Amino acid sequence: MDLALDGKVVFITGAAGGIGRVLAEAFAGEGARLVLTARAHLDDLRSFVVEQDWGDRALALGADVTVPEDLDGAV
């Protein structure tokens, strides 16, 4: 199966719920590897990644992208 985003990495902020989760599922469905961040609800984000069984294709990080140090650390 030829996936459009196979081998690409997608960085999604606010991924603990709502639109962030939907985007994560869509990008993963196209073969992307994911870096998912959340400012709060990190436990929910980690649980979501485990539930999706993405293994090493997804990384859940706590980061507030309005804080330069957090953003630098996540990238």
# chains A, B, ... in the order shown; residues from 1 in each chain; ligands from 1
>>> select_by_dssp(residues="chain A", states="alpha helix (DSSP H)", output="VMD selection string")
chain A and resid 18 to 29 42 to 52 68 to 74
>>> write_last_selection(atoms="C-alpha atoms", output="mmCIF file, in the first residue's frame")
data_model
loop_
_atom_site.group_PDB
_atom_site.id
_atom_site.type_symbol
_atom_site.label_atom_id
_atom_site.label_comp_id
_atom_site.auth_asym_id
_atom_site.auth_seq_id
_atom_site.Cartn_x
_atom_site.Cartn_y
_atom_site.Cartn_z
ATOM 1 C CA GLY A 18 -10.404 17.498 19.736
ATOM 2 C CA ILE A 19 -8.950 18.526 16.398
ATOM 3 C CA GLY A 20 -5.449 17.455 17.436
ATOM 4 C CA ARG A 21 -6.567 13.858 17.928
ATOM 5 C CA VAL A 22 -8.462 13.801 14.651
ATOM 6 C CA LEU A 23 -5.432 15.153 12.813
ATOM 7 C CA ALA A 24 -3.163 12.587 14.475
ATOM 8 C CA GLU A 25 -5.415 9.740 13.359
ATOM 9 C CA ALA A 26 -5.633 11.100 9.814
ATOM 10 C CA PHE A 27 -1.888 11.634 9.426
ATOM 11 C CA ALA A 28 -1.096 8.239 10.977
ATOM 12 C CA GLY A 29 -3.534 6.670 8.532
ATOM 13 C CA LEU A 42 -0.272 14.710 29.025
ATOM 14 C CA ASP A 43 -1.543 11.499 30.619
ATOM 15 C CA ASP A 44 -4.564 11.600 28.282
ATOM 16 C CA LEU A 45 -2.266 12.109 25.305
ATOM 17 C CA ARG A 46 -0.035 9.197 26.296
ATOM 18 C CA SER A 47 -3.075 6.964 26.809
ATOM 19 C CA PHE A 48 -4.379 7.957 23.388
ATOM 20 C CA VAL A 49 -1.072 6.958 21.748
ATOM 21 C CA VAL A 50 -1.102 3.593 23.538
ATOM 22 C CA GLU A 51 -4.754 2.969 22.606
ATOM 23 C CA GLN A 52 -3.957 3.621 18.947
ATOM 24 C CA PRO A 68 10.421 28.967 23.537
ATOM 25 C CA GLU A 69 12.322 26.467 25.697
ATOM 26 C CA ASP A 70 9.444 23.966 25.523
ATOM 27 C CA LEU A 71 9.205 24.330 21.770
ATOM 28 C CA ASP A 72 12.953 23.959 21.305
ATOM 29 C CA GLY A 73 12.956 20.865 23.489
ATOM 30 C CA ALA A 74 10.095 19.262 21.580
#
>>> residues_around(residues="Arg39 of chain A", least_positions_apart="6", cutoff="7 Å", atoms="only C-alpha atoms", output="ChimeraX atom specification")
/A:14,62-64
>>> write_last_selection(atoms="C-alpha atoms", output="PDB file, in the first residue's frame")
ATOM      1  CA  GLY A  14      -2.676  20.494  21.190  1.00  0.00           C
ATOM      2  CA  GLY A  62       4.471  17.736  27.260  1.00  0.00           C
ATOM      3  CA  ALA A  63       5.151  21.150  25.738  1.00  0.00           C
ATOM      4  CA  ASP A  64       3.681  24.631  25.761  1.00  0.00           C
TER       5      ASP A  64
END
>>> select_by_dssp(residues="segment 14-71 of chain A", states="strand (DSSP E)", output="ChimeraX atom specification")
/A:33-38,58-62
>>> atom_distance(atom1="atom CA of Val75 of chain A", atom2="atom CA of Ala60 of chain A")
12.1 Å
>>> closest_atom_pairs(of="segment 34-59 of chain A", to="segment 3-13 of chain A", cutoff="7 Å", atoms="only C-alpha atoms", output="JSON lines")
{"residue": "A:Leu34", "atom": "CA", "partner": "A:Val10", "partner_atom": "CA", "distance": 5.0}
{"residue": "A:Val35", "atom": "CA", "partner": "A:Phe11", "partner_atom": "CA", "distance": 4.7}
{"residue": "A:Leu36", "atom": "CA", "partner": "A:Ile12", "partner_atom": "CA", "distance": 5.0}
{"residue": "A:Thr37", "atom": "CA", "partner": "A:Thr13", "partner_atom": "CA", "distance": 4.8}
{"residue": "A:Ala38", "atom": "CA", "partner": "A:Thr13", "partner_atom": "CA", "distance": 6.1}
>>> atom_distance(atom1="atom CA of Trp54 of chain A", atom2="atom CA of Gly17 of chain A")
16.7 Å
>>> closest_residue(among="A:Gly31, A:Arg57, A:Ala40, A:Thr66", to="Ala16 of chain A", atoms="only C-alpha atoms")
A:Ala40
